[in-house]
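Okay, final30.csv is below, CSV, C-alpha atoms:
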```
chain,number,residue,atom,x,y,z
A,1,MET,CA,26.5,132.5,121.4
A,2,LYS,CA,28.0,131.4,124.6
A,3,ILE,CA,31.7,130.6,125.1
A,4,ASN,CA,32.3,127.7,127.4
A,5,ASN,CA,35.1,127.6,129.9
A,6,LYS,CA,37.3,125.4,127.7
A,7,ASN,CA,37.2,127.8,124.7
A,8,ARG,CA,37.7,130.8,127.0
A,9,LYS,CA,40.9,129.2,128.4
A,10,ILE,CA,42.3,128.6,124.9
A,11,LEU,CA,41.6,132.2,123.9
A,12,ASN,CA,43.4,133.5,127.0
A,13,ILE,CA,46.4,131.4,126.2
A,14,ILE,CA,46.6,132.7,122.6
A,15,LEU,CA,46.2,136.2,123.8
A,16,ALA,CA,49.0,135.8,126.4
A,17,VAL,CA,51.3,134.5,123.7
A,18,VAL,CA,50.5,137.4,121.4
A,19,ILE,CA,51.1,139.9,124.2
A,20,ALA,CA,54.4,138.2,125.1
A,21,ILE,CA,55.6,138.3,121.5
A,22,GLY,CA,54.6,141.9,121.2
A,23,ILE,CA,56.5,142.8,124.3
A,24,TRP,CA,59.6,140.9,123.1
A,25,LEU,CA,59.5,142.6,119.7
A,26,TYR,CA,59.2,146.0,121.5
A,27,VAL,CA,62.1,145.2,123.8
A,28,VAL,CA,64.3,144.0,120.9
A,29,ASN,CA,63.5,146.5,118.3
A,30,VAL,CA,62.8,149.6,120.4
A,31,GLU,CA,64.6,149.2,123.7
A,32,ASN,CA,67.4,146.8,122.3
A,33,PRO,CA,69.1,146.5,125.7
A,34,THR,CA,72.6,145.4,126.4
A,35,VAL,CA,72.7,141.8,127.4
A,36,SER,CA,75.2,138.9,127.9
A,37,THR,CA,75.4,135.5,126.3
A,38,HIS,CA,77.6,132.4,126.2
A,39,LEU,CA,79.2,131.3,123.0
A,40,ARG,CA,80.0,127.7,123.5
A,41,ASP,CA,82.5,125.3,121.8
A,42,ILE,CA,83.8,127.8,119.3
A,43,PRO,CA,86.5,126.2,117.1
A,44,VAL,CA,90.0,127.5,117.2
A,45,GLU,CA,91.8,127.9,113.8
A,46,LEU,CA,95.6,128.3,113.6
A,47,ALA,CA,97.0,131.1,111.6
A,48,GLY,CA,100.7,131.6,110.5
A,49,GLU,CA,101.5,127.9,110.4
A,50,SER,CA,103.3,128.2,107.1
A,51,THR,CA,105.7,130.8,108.6
A,52,LEU,CA,106.2,128.5,111.6
A,53,GLN,CA,107.2,125.7,109.2
A,54,GLU,CA,109.7,127.9,107.5
A,55,LYS,CA,111.4,128.2,110.8
A,56,GLY,CA,111.5,124.4,111.1
A,57,LEU,CA,108.9,124.4,113.9
A,58,MET,CA,105.4,122.8,114.2
A,59,ILE,CA,102.5,122.7,116.6
A,60,THR,CA,102.1,119.3,118.2
A,61,ASP,CA,99.6,120.0,120.9
A,62,MET,CA,97.0,122.6,122.0
A,63,SER,CA,95.5,123.0,125.4
A,64,GLN,CA,92.0,123.2,123.7
A,65,ASP,CA,90.8,123.3,120.2
A,66,ALA,CA,87.4,124.7,121.0
A,67,VAL,CA,86.6,127.5,123.5
A,68,SER,CA,83.5,128.7,125.4
A,69,PHE,CA,83.4,132.3,126.5
A,70,LYS,CA,80.9,135.0,127.5
A,71,VAL,CA,80.3,138.2,125.5
A,72,THR,CA,78.1,141.3,126.0
A,73,GLY,CA,76.4,143.6,123.4
A,74,LYS,CA,73.1,144.7,122.2
A,75,LYS,CA,70.5,142.0,122.1
A,76,LYS,CA,69.8,142.4,118.4
A,77,THR,CA,73.5,142.0,117.7
A,78,LEU,CA,74.0,139.0,119.9
A,79,MET,CA,71.1,137.3,118.3
A,80,LYS,CA,73.1,137.1,115.0
A,81,LEU,CA,75.8,135.0,116.6
A,82,ASN,CA,76.0,131.2,116.7
A,83,ARG,CA,78.6,128.5,116.7
A,84,LYS,CA,78.5,128.2,112.9
A,85,ASN,CA,79.4,131.9,112.1
A,86,VAL,CA,81.8,132.6,115.0
A,87,SER,CA,85.4,131.3,115.1
A,88,LEU,CA,88.6,132.0,116.9
A,89,SER,CA,92.0,132.6,115.2
A,90,LEU,CA,95.2,131.8,117.0
A,91,ASP,CA,98.2,133.4,115.3
A,92,VAL,CA,101.4,131.4,115.9
A,93,GLU,CA,103.6,133.3,113.5
A,94,SER,CA,105.5,135.1,116.3
A,95,ILE,CA,106.7,131.8,117.9
A,96,SER,CA,110.5,131.5,117.4
A,97,GLN,CA,111.6,128.3,119.2
A,98,PRO,CA,110.4,125.0,120.6
A,99,GLY,CA,108.5,125.0,123.9
A,100,GLU,CA,105.2,125.9,125.4
A,101,TRP,CA,103.6,129.2,124.4
A,102,THR,CA,100.5,130.8,125.7
A,103,LEU,CA,98.7,133.0,123.2
A,104,SER,CA,95.4,134.9,123.0
A,105,ALA,CA,93.0,133.9,120.3
A,106,LYS,CA,91.2,136.6,118.3
A,107,THR,CA,87.5,136.5,117.8
A,108,VAL,CA,86.2,136.4,114.3
A,109,TYR,CA,82.6,137.4,113.8
A,110,PRO,CA,80.4,137.4,110.6
A,111,THR,CA,80.7,140.4,108.3
A,112,THR,CA,77.3,141.6,109.3
A,113,VAL,CA,78.5,142.1,112.9
A,114,SER,CA,80.9,144.8,114.0
A,115,ALA,CA,83.6,143.5,116.4
A,116,GLU,CA,83.5,146.9,118.2
A,117,SER,CA,79.8,146.3,119.2
A,118,ILE,CA,80.7,143.1,121.2
A,119,SER,CA,82.9,142.7,124.2
A,120,VAL,CA,84.4,139.6,125.7
A,121,VAL,CA,83.7,139.4,129.4
A,122,ASN,CA,86.8,137.6,130.4
A,123,TRP,CA,89.7,137.8,128.0
A,124,ASN,CA,91.5,135.0,129.9
A,125,ASP,CA,89.0,132.6,128.4
A,126,LEU,CA,90.7,133.1,125.1
A,127,LYS,CA,94.2,132.2,126.2
A,128,ILE,CA,95.4,128.9,124.7
A,129,THR,CA,98.7,127.1,125.3
A,130,VAL,CA,100.4,125.4,122.4
A,131,THR,CA,103.3,123.0,122.4
A,132,VAL,CA,105.9,123.6,119.7
A,133,GLU,CA,108.5,121.1,118.6
A,134,LYS,CA,111.3,121.1,116.0
A,135,GLN,CA,110.1,119.7,112.7
A,136,GLU,CA,112.4,117.2,111.0
A,137,SER,CA,112.2,115.3,107.7
A,138,LYS,CA,112.9,111.7,106.6
A,139,GLN,CA,112.8,109.8,103.4
A,140,ILE,CA,111.1,106.4,103.4
A,141,SER,CA,110.6,103.7,100.7
A,142,VAL,CA,107.3,102.9,99.2
A,143,PHE,CA,106.3,99.3,98.6
A,144,GLY,CA,103.4,98.2,96.5
A,145,GLN,CA,101.3,95.2,97.2
A,146,PHE,CA,98.7,93.3,95.2
A,147,ILE,CA,96.0,91.9,97.4
A,148,GLY,CA,93.6,90.7,94.7
A,149,THR,CA,93.4,87.5,92.5
A,150,ALA,CA,94.6,86.9,89.0
A,151,ALA,CA,92.4,85.3,86.4
A,152,GLU,CA,92.9,81.6,85.5
A,153,ASN,CA,96.1,80.9,83.7
A,154,CYS,CA,97.3,84.4,84.6
A,155,MET,CA,99.9,85.5,87.2
A,156,ALA,CA,100.5,88.8,88.9
A,157,ASP,CA,104.2,89.9,89.3
A,158,ARG,CA,105.6,92.1,92.0
A,159,ALA,CA,103.9,95.5,92.3
A,160,SER,CA,106.0,98.6,91.6
A,161,THR,CA,105.2,102.2,92.7
A,162,ASP,CA,105.8,105.7,91.3
A,163,PRO,CA,107.4,107.4,93.2
A,164,VAL,CA,109.5,104.8,95.1
A,165,VAL,CA,110.4,107.3,97.9
A,166,LEU,CA,108.4,109.7,99.9
A,167,GLU,CA,109.4,112.5,102.2
A,168,ILE,CA,107.7,112.8,105.6
A,169,LYS,CA,107.9,115.6,108.1
A,170,GLY,CA,107.2,115.7,111.8
A,171,PRO,CA,108.7,115.5,115.3
A,172,ALA,CA,111.8,113.4,115.5
A,173,GLN,CA,110.1,110.9,118.0
A,174,SER,CA,107.2,110.4,115.7
A,175,LEU,CA,109.4,109.9,112.6
A,176,ALA,CA,111.4,107.2,114.4
A,177,GLY,CA,108.2,105.1,114.5
A,178,ILE,CA,107.8,105.0,110.7
A,179,SER,CA,109.8,102.6,108.6
A,180,TYR,CA,108.1,102.6,105.1
A,181,ALA,CA,105.0,103.4,103.2
A,182,LEU,CA,102.6,100.7,101.9
A,183,ALA,CA,100.4,101.1,98.9
A,184,GLN,CA,97.9,98.3,98.3
A,185,VAL,CA,95.8,97.6,95.2
A,186,GLY,CA,93.2,94.9,94.8
A,187,GLY,CA,90.9,93.3,92.2
A,188,THR,CA,89.3,90.0,91.2
A,189,ASP,CA,90.2,87.8,88.2
A,190,ILE,CA,92.7,90.4,86.9
A,191,SER,CA,94.0,89.4,83.4
A,192,ASP,CA,95.8,92.5,82.3
A,193,THR,CA,98.4,94.8,83.9
A,194,LEU,CA,96.8,96.8,86.6
A,195,THR,CA,97.7,100.5,87.2
A,196,LYS,CA,96.0,102.5,89.9
A,197,GLU,CA,96.5,105.6,92.1
A,198,VAL,CA,96.0,104.7,95.7
A,199,PRO,CA,96.6,106.2,99.1
A,200,VAL,CA,99.6,105.2,101.2
A,201,VAL,CA,99.7,103.8,104.7
A,202,LEU,CA,102.7,104.7,106.9
A,203,MET,CA,104.0,101.5,108.5
A,204,GLY,CA,106.1,100.9,111.6
A,205,PRO,CA,109.0,98.5,112.1
A,206,ASP,CA,106.5,95.9,113.3
A,207,ASP,CA,104.8,95.9,109.9
A,208,LYS,CA,101.7,97.5,111.4
A,209,PRO,CA,100.2,100.9,110.7
A,210,ALA,CA,102.2,103.5,112.5
A,211,LYS,CA,100.9,106.5,114.6
A,212,VAL,CA,100.9,109.5,112.3
A,213,ASP,CA,100.0,112.3,114.7
A,214,HIS,CA,101.6,115.5,113.4
A,215,ILE,CA,103.1,113.7,110.4
A,216,THR,CA,102.8,115.2,107.0
A,217,CYS,CA,103.8,113.5,103.7
A,218,ASP,CA,104.7,115.1,100.4
A,219,LYS,CA,102.3,112.8,98.6
A,220,ASP,CA,99.0,111.3,99.9
A,221,LYS,CA,98.7,108.9,96.9
A,222,VAL,CA,101.1,107.0,94.6
A,223,THR,CA,100.7,105.1,91.4
A,224,VAL,CA,100.9,101.3,91.8
A,225,THR,CA,101.5,99.1,88.8
A,226,VAL,CA,101.0,95.3,88.9
A,227,PRO,CA,102.2,93.4,85.8
A,228,VAL,CA,99.8,90.6,84.9
A,229,GLN,CA,100.4,88.2,82.1
A,230,LYS,CA,99.1,84.8,80.8
A,231,VAL,CA,101.4,82.0,81.8
A,232,VAL,CA,101.8,78.3,81.5
A,233,SER,CA,103.6,75.7,83.6
A,234,ILE,CA,106.3,73.6,81.9
A,235,PRO,CA,107.8,70.5,83.7
A,236,LEU,CA,111.5,70.1,84.3
A,237,THR,CA,113.3,66.9,83.4
A,238,VAL,CA,116.8,65.4,83.6
A,239,ASP,CA,118.5,62.9,81.3
A,240,LEU,CA,119.7,59.9,83.2
A,241,LYS,CA,122.5,57.9,81.5
A,242,ASP,CA,122.7,54.2,82.5
A,243,GLY,CA,126.0,53.2,84.1
A,244,GLY,CA,127.6,51.7,87.2
A,245,GLY,CA,125.1,48.9,87.3
A,246,ALA,CA,122.2,51.3,87.5
A,247,THR,CA,119.5,52.2,85.0
A,248,ARG,CA,116.9,55.0,85.1
A,249,GLU,CA,114.4,52.4,86.3
A,250,ASP,CA,116.6,51.5,89.3
A,251,VAL,CA,116.6,55.0,90.8
A,252,THR,CA,114.2,57.5,92.1
A,253,CYS,CA,114.7,61.0,90.7
A,254,THR,CA,112.9,64.1,92.1
A,255,ILE,CA,113.3,67.7,90.8
A,256,GLN,CA,112.5,70.8,92.8
A,257,PRO,CA,110.9,72.8,91.5
A,258,SER,CA,109.2,70.1,89.3
A,259,ALA,CA,108.0,72.8,86.9
A,260,ILE,CA,108.5,76.4,86.1
A,261,THR,CA,106.2,79.2,85.0
A,262,VAL,CA,106.8,80.9,81.6
A,263,VAL,CA,105.0,83.7,79.8
A,264,ALA,CA,102.5,82.5,77.2
A,265,GLU,CA,102.5,84.9,74.2
A,266,GLY,CA,99.2,84.7,72.3
A,267,ASP,CA,97.8,81.2,72.6
A,268,GLY,CA,101.1,79.7,73.9
A,269,GLU,CA,101.9,77.6,70.8
A,270,GLY,CA,105.5,76.9,70.2
A,271,LEU,CA,106.5,76.4,73.8
A,272,PRO,CA,108.3,73.2,74.6
A,273,ALA,CA,106.5,70.3,76.3
A,274,SER,CA,109.3,70.1,78.9
A,275,ILE,CA,112.7,71.7,79.7
A,276,SER,CA,115.8,69.5,80.4
A,277,LEU,CA,118.3,70.4,83.0
A,278,GLY,CA,121.0,68.3,81.4
A,279,GLU,CA,122.5,64.8,81.8
A,280,ILE,CA,123.5,62.8,84.9
A,281,ASP,CA,125.8,59.8,84.4
A,282,LEU,CA,124.6,57.2,86.9
A,283,ALA,CA,128.0,55.6,86.8
A,284,GLN,CA,129.3,58.7,88.7
A,285,VAL,CA,126.5,58.6,91.3
A,286,MET,CA,127.9,56.7,94.2
A,287,GLY,CA,124.8,56.8,96.4
A,288,ASN,CA,121.9,59.0,97.4
A,289,THR,CA,123.0,62.4,95.9
A,290,SER,CA,121.6,65.9,95.5
A,291,TYR,CA,122.7,68.0,92.5
A,292,SER,CA,122.1,71.8,92.0
A,293,MET,CA,121.8,72.1,88.2
A,294,PRO,CA,121.6,75.4,86.3
A,295,LEU,CA,118.3,76.1,84.6
A,296,THR,CA,118.8,77.5,81.1
A,297,LEU,CA,115.7,78.5,79.2
A,298,PRO,CA,115.5,77.7,75.5
A,299,ASP,CA,115.6,80.6,73.0
A,300,GLY,CA,112.3,82.4,72.7
A,301,VAL,CA,111.0,81.3,76.2
A,302,THR,CA,110.5,84.0,78.8
A,303,GLY,CA,110.4,82.8,82.4
A,304,TRP,CA,108.2,84.3,85.1
A,305,GLY,CA,110.0,84.3,88.4
A,306,THR,CA,112.3,81.5,87.1
A,307,PRO,CA,115.0,80.3,89.5
A,308,SER,CA,118.6,80.1,88.3
A,309,TYR,CA,119.0,76.6,89.6
A,310,ALA,CA,116.9,73.5,90.3
A,311,THR,CA,117.7,70.7,92.8
A,312,VAL,CA,117.8,67.1,91.5
A,313,GLN,CA,117.7,64.3,94.1
A,314,ILE,CA,118.9,60.9,93.1
A,315,THR,CA,117.9,58.1,95.5
A,316,MET,CA,119.4,54.6,95.1
A,317,ASP,CA,116.7,52.6,96.8
A,318,LYS,CA,116.6,49.5,94.6
A,319,LEU,CA,120.3,48.5,94.3
A,320,ALA,CA,123.1,47.0,96.4
A,321,SER,CA,126.7,48.0,96.3
A,322,ARG,CA,130.0,46.4,97.4
A,323,GLN,CA,133.7,47.1,97.4
A,324,ILE,CA,135.9,44.3,96.1
A,325,PRO,CA,139.8,44.2,96.4
A,326,VAL,CA,141.3,43.3,93.0
A,327,THR,CA,144.9,42.2,92.7
A,328,GLY,CA,145.0,41.1,89.0
A,329,ILE,CA,146.2,44.3,87.4
A,330,SER,CA,147.5,44.2,83.9
A,331,PHE,CA,149.6,46.7,82.0
A,332,GLU,CA,149.7,47.8,78.4
A,333,HIS,CA,152.5,49.6,76.4
A,334,ILE,CA,155.2,48.9,79.0
A,335,PRO,CA,158.4,50.8,77.9
A,336,GLN,CA,161.0,48.3,76.7
A,337,GLY,CA,163.5,47.3,79.4
A,338,TYR,CA,161.3,48.6,82.2
A,339,THR,CA,159.3,46.9,84.9
A,340,PRO,CA,156.3,48.5,86.6
A,341,GLU,CA,156.4,48.3,90.4
A,342,LEU,CA,153.1,49.1,92.1
A,343,VAL,CA,153.0,50.9,95.4
A,344,SER,CA,150.0,48.7,96.2
A,345,ASP,CA,149.1,45.6,94.3
A,346,THR,CA,145.5,45.9,95.4
A,347,LEU,CA,142.9,48.2,93.8
A,348,TYR,CA,139.6,48.5,95.6
A,349,VAL,CA,136.7,48.6,93.1
A,350,TRP,CA,133.1,49.5,93.8
A,351,VAL,CA,130.4,47.4,92.1
A,352,ARG,CA,126.7,47.9,92.1
A,353,GLY,CA,123.6,46.1,90.8
A,354,ASN,CA,120.9,43.8,92.1
A,355,ALA,CA,121.7,42.3,95.4
A,356,GLU,CA,122.1,38.7,94.2
A,357,ALA,CA,124.5,39.6,91.3
A,358,VAL,CA,126.6,41.8,93.5
A,359,LYS,CA,126.9,39.1,96.2
A,360,LYS,CA,128.1,36.5,93.7
A,361,LEU,CA,130.7,38.7,91.9
A,362,THR,CA,134.3,37.8,92.6
A,363,ALA,CA,137.6,39.7,92.1
A,364,ASP,CA,138.7,37.5,89.2
A,365,GLN,CA,135.7,38.6,87.2
A,366,ILE,CA,136.9,42.2,87.3
A,367,LEU,CA,139.5,43.4,84.7
A,368,VAL,CA,141.9,46.2,85.6
A,369,GLN,CA,144.1,47.6,82.8
A,370,VAL,CA,146.7,50.3,83.0
A,371,ASP,CA,148.1,52.0,79.9
A,372,LEU,CA,151.7,53.1,80.4
A,373,SER,CA,152.0,55.1,77.2
A,374,GLY,CA,153.8,58.4,77.8
A,375,ALA,CA,155.3,57.2,81.1
A,376,ALA,CA,158.3,59.1,82.4
A,377,LEU,CA,161.5,57.0,82.5
A,378,ASN,CA,163.2,58.7,85.4
A,379,GLY,CA,162.3,56.3,88.1
A,380,SER,CA,159.9,58.7,89.7
A,381,LEU,CA,156.7,57.8,91.4
A,382,GLN,CA,153.8,58.2,88.9
A,383,ARG,CA,150.1,57.8,88.9
A,384,PHE,CA,148.2,56.3,85.9
A,385,PRO,CA,144.4,56.0,85.3
A,386,ALA,CA,143.1,52.4,85.5
A,387,LYS,CA,140.4,51.1,83.2
A,388,VAL,CA,138.1,48.8,85.2
A,389,THR,CA,135.6,46.5,83.4
A,390,LEU,CA,133.8,43.3,83.9
A,391,LYS,CA,134.4,40.1,82.0
A,392,SER,CA,131.8,39.5,79.3
A,393,GLY,CA,128.6,37.8,80.3
A,394,MET,CA,128.2,39.6,83.6
A,395,GLU,CA,124.6,40.8,84.0
A,396,GLY,CA,122.7,42.7,86.6
A,397,VAL,CA,125.9,44.4,88.0
A,398,GLY,CA,128.3,47.1,86.9
A,399,ILE,CA,131.4,49.0,87.9
A,400,LEU,CA,130.6,52.0,90.0
A,401,GLY,CA,132.7,55.1,89.2
A,402,THR,CA,135.3,55.7,86.6
A,403,SER,CA,138.1,57.6,88.4
A,404,TYR,CA,140.3,54.6,89.3
A,405,SER,CA,144.1,54.9,89.3
A,406,VAL,CA,147.3,53.2,90.5
A,407,ALA,CA,150.7,54.6,91.7
A,408,LEU,CA,153.9,52.9,90.4
A,409,ARG,CA,157.5,53.3,89.5
A,410,LEU,CA,159.2,52.1,86.3
A,411,THR,CA,162.5,50.3,87.1
A,412,LYS,CA,165.1,48.6,84.8
```
Take the structure in the file and write it out as structure tokens.
Amino acid sequence: MKINNKNRKILNIILAVVIAIGIWLYVVNVENPTVSTHLRDIPVELAGESTLQEKGLMITDMSQDAVSFKVTGKKKTLMKLNRKNVSLSLDVESISQPGEWTLSAKTVYPTTVSAESISVVNWNDLKITVTVEKQESKQISVFGQFIGTAAENCMADRASTDPVVLEIKGPAQSLAGISYALAQVGGTDISDTLTKEVPVVLMGPDDKPAKVDHITCDKDKVTVTVPVQKVVSIPLTVDLKDGGGATREDVTCTIQPSAITVVAEGDGEGLPASISLGEIDLAQVMGNTSYSMPLTLPDGVTGWGTPSYATVQITMDKLASRQIPVTGISFEHIPQGYTPELVSDTLYVWVRGNAEAVKKLTADQILVQVDLSGAALNGSLQRFPAKVTLKSGMEGVGILGTSYSVALRLTK
């Protein structure tokens, strides 16, 4: 059988590989020479940090966190080393004050390798400079935030956290950039109170996540509780009492808020259809007026974020008003033997109603009566309330206001 050139070439290659492997195995296992190799990017691990923290110090920077260096040793020994089983330990326990410190890292080899069988070619390669700063502490508030959605007819209240305060440690400059901690929880169509443990985000004074280099926190997570309950909306009303030539149909009344949210226990039965803020006498409303009225919930009704007051705006946009001087003032119960002397014999009376009726009204259609019962008889100047009314048969107009009075003296 003839072997062609191509097959002969392949056999020669295989033979050469076998011979090379044989020589290599001989060199490694029999000769085992001393050689050198580079260990590259070996990670540096800190030792003694807890002791450093007890001194109120901390490492904030390292000249390098991975080191490449050259070692010598027997070839079989060096073949056991790689980046995964070799590390460097930098002991910082001896550092006593802030500043820059240059230390030598210690090589850590796998247990199957004797450290005495390996030599570092240049020990300066293992020198590392660390920056040490004073460690301070600071307490910050924790704020919870619900970023989900509540189910229909449900409402989520303000989130609370446990704990409400965290302690952070780090360099003073870094601590100054942290204002509070934010803990967020989410969810969709939440219908029951939500309680969840979530991580916190340290926030800066600009309400953006802060830089947290070299910052440690006593807790990585907090418990956030978001109360969620079924609620209903109940409208607010106000009772308008006709008077002063105005009826409830003559004015525009707006309430802010127009409705409040209350908790719906069970199916919500028994809740009132509306809640009244009270009564406003239109006779006392001189013009467009805003009232701040206290909001009192009926017994058995629990509000959900209910304000203490509501604003009621009364707008007189359908009526006219006019001031009329009245001189026909009459007196009742004049003390015997005395004569009332008015300081001014004219009382200015405001009337209001539809424009035509107000325009036609005259002073002699307005009655002013003053009751002198209980008047002092010492000749002093006195003020008495005046009762102002319209003669019978007047329609579409009324007296505006009720606090009219006159000043007078009683003389013999």
Query raised in the report: Any idea what's packed within 7 Å of A:Leu277, counting all atoms listed in the file, ignoring anything in its chain fewer than 4 positions away? Could you give it as JSON, numbers by chain?
Result: {"A": [236, 237, 238, 293, 294, 295]}
Query raised in the report: Using all atoms listed in the file, which residue out of A:Val228, A:Val263, A:Ala363, A:Val185 lies closest to A:Gly303?
Result: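 Checking each of A:Val228, A:Val263, A:Ala363, A:Val185 against A:Gly303, counting all atoms listed in the file, the winner is A:Val263.
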Report task. Might you pull out every residue within 7 Å of A:Thr311, with only C-alpha atoms counted and same-chain residues fewer than 3 positions away left off, and present them as a list in words? Result -> Ile255, Gln256, Ser290, Tyr291, Ser292 and Met293 of chain A
Report task. Compare A:Asp125, A:Asp91, A:Glu265, A:Glu133 by their minimum atom-to-atom distance to A:Pro171, counting all atoms listed in the file, and give me the closest one. Result ->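 Selected residue with least distance to A:Pro171: A:Glu133.
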Report task. Name the closest residue to A:Gly170 among the candidates A:Val198, A:Thr60, A:Ser89, A:Ser274; distances are taken between atoms, counting all atoms listed in the file. Result ->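 Going through A:Val198, A:Thr60, A:Ser89, A:Ser274 one by one, the smallest distance to A:Gly170 is for A:Thr60.
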Report task. Return the single residue from A:Val301, A:Met316, A:Val285, A:Ala264 that is closest to A:Ile399, with distances computed using only C-alpha atoms. Result ->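 Distance minimum relative to A:Ile399 lands on A:Val285.
These residues, each with an atom at most 10 Å from (97.6, 109.7, 101.2) using all atoms listed in the file, are A:Ala181, A:Ala183, A:Val198, A:Pro199, A:Val200, A:Val201, A:Leu202, A:Thr216, A:Cys217, A:Asp218, A:Lys219, A:Asp220, A:Lys221, A:Val222.
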**Report entry** Top pick for closest residue to A:Asp61, considering A:Glu279, A:Asp192, A:Asp239, A:Asp213 and counting all atoms listed in the file
**Finding:** A:Asp213
Report task. Would you kindly return, as a list in words, each protein, DNA or RNA residue with an atom no farther than 7 Å from any atom of A:Thr34, considering all atoms listed in the file and excluding same-chain residues fewer than 5 positions away? Result -> Thr72, Gly73, Lys74 and Lys75 of chain A
Report task. Work out how far atom CA of A:Asn122 is from atom CA of A:Phe69, in Å to one decimal. Result ->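 We find that atom CA of A:Phe69 and atom CA of A:Asn122 lie 7.4 Å from each other.
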Query raised in the report: What is the distance between atom CA of A:Leu175 and atom CA of A:Pro98, in Å to one decimal?
Result: 17.1 Å
Query - Nearest candidate to A:Met79 (options A:Val165, A:Ile190, A:Leu39, A:Val231; using all atoms listed in the file) - result: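 For A:Met79, the nearest of the candidates is A:Leu39.
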Requested in this report: Would you list the contacts of A:Val71 as a VMD selection string, taking every protein, DNA or RNA residue within 7 Å and counting only C-alpha atoms, but skipping same-chain residues closer than 5 positions in sequence?
Outcome: chain A and resid 36 to 38 118 to 121
Print the selection's residues with C-alpha atoms to a file, as a short mmCIF file (atom, residue, chain, number, x, y, z; two decimals), in the frame of the given file.
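out.cif, written as the output of this step:
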```
data_model
loop_
_atom_site.label_atom_id
_atom_site.label_comp_id
_atom_site.auth_asym_id
_atom_site.auth_seq_id
_atom_site.Cartn_x
_atom_site.Cartn_y
_atom_site.Cartn_z
CA SER A 36 75.20 138.90 127.90
CA THR A 37 75.40 135.50 126.30
CA HIS A 38 77.60 132.40 126.20
CA ILE A 118 80.70 143.10 121.20
CA SER A 119 82.90 142.70 124.20
CA VAL A 120 84.40 139.60 125.70
CA VAL A 121 83.70 139.40 129.40
#
```
**Report entry** Shell of 9 Å around A:Ser174, all atoms listed in the file, local chain residues under 2 positions omitted, as a list in words
**Finding:**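 Once the nearby chain positions are removed, what remains is Gly170, Pro171, Ala172, Ala176, Gly177, Ile178, Lys211, Val212, Asp213, His214 and Ile215 of chain A.
Atom pair atom CA of A:Ala159 / atom CA of A:Val226 has a distance of 4.5 Å (rounded to one decimal).
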Requested in this report: Could you please give me, as a PyMOL selection string, the residues of protein, DNA or RNA lying at most 7 Å from (108.8, 115.8, 103.1) in the coordinate frame of the file, considering only C-alpha atoms?
Outcome: chain A and resi 137-138+166-169+217-218
Restore N, CA and C atoms in stretch 84-95 of chain A and list the result as an mmCIF file, in the coordinates of the input.
```cif
data_model
loop_
_atom_site.group_PDB
_atom_site.id
_atom_site.type_symbol
_atom_site.label_atom_id
_atom_site.label_comp_id
_atom_site.auth_asym_id
_atom_site.auth_seq_id
_atom_site.Cartn_x
_atom_site.Cartn_y
_atom_site.Cartn_z
ATOM 1 N N LYS A 84 78.145 128.448 114.283
ATOM 2 C CA LYS A 84 78.500 128.200 112.900
ATOM 3 C C LYS A 84 79.148 129.469 112.239
ATOM 4 N N ASN A 85 78.865 130.668 112.776
ATOM 5 C CA ASN A 85 79.400 131.900 112.100
ATOM 6 C C ASN A 85 80.436 132.611 112.978
ATOM 7 N N VAL A 86 80.790 132.046 114.120
ATOM 8 C CA VAL A 86 81.800 132.600 115.000
ATOM 9 C C VAL A 86 82.979 131.656 115.080
ATOM 10 N N SER A 87 84.198 132.173 114.982
ATOM 11 C CA SER A 87 85.400 131.300 115.100
ATOM 12 C C SER A 87 86.450 132.094 115.882
ATOM 13 N N LEU A 88 87.495 131.375 116.249
ATOM 14 C CA LEU A 88 88.600 132.000 116.900
ATOM 15 C C LEU A 88 89.894 131.717 116.115
ATOM 16 N N SER A 89 90.715 132.750 115.951
ATOM 17 C CA SER A 89 92.000 132.600 115.200
ATOM 18 C C SER A 89 93.134 132.781 116.149
ATOM 19 N N LEU A 90 94.035 131.751 116.114
ATOM 20 C CA LEU A 90 95.200 131.800 117.000
ATOM 21 C C LEU A 90 96.446 131.950 116.093
ATOM 22 N N ASP A 91 97.059 133.117 116.161
ATOM 23 C CA ASP A 91 98.200 133.400 115.300
ATOM 24 C C ASP A 91 99.491 132.939 115.971
ATOM 25 N N VAL A 92 100.164 131.961 115.303
ATOM 26 C CA VAL A 92 101.400 131.400 115.900
ATOM 27 C C VAL A 92 102.633 131.856 115.130
ATOM 28 N N GLU A 93 102.483 132.853 114.289
ATOM 29 C CA GLU A 93 103.600 133.300 113.500
ATOM 30 C C GLU A 93 104.755 133.861 114.287
ATOM 31 N N SER A 94 104.469 134.421 115.442
ATOM 32 C CA SER A 94 105.500 135.100 116.300
ATOM 33 C C SER A 94 106.366 134.075 117.035
ATOM 34 N N ILE A 95 105.968 132.807 117.107
ATOM 35 C CA ILE A 95 106.700 131.800 117.900
ATOM 36 C C ILE A 95 108.083 131.587 117.198
#
```
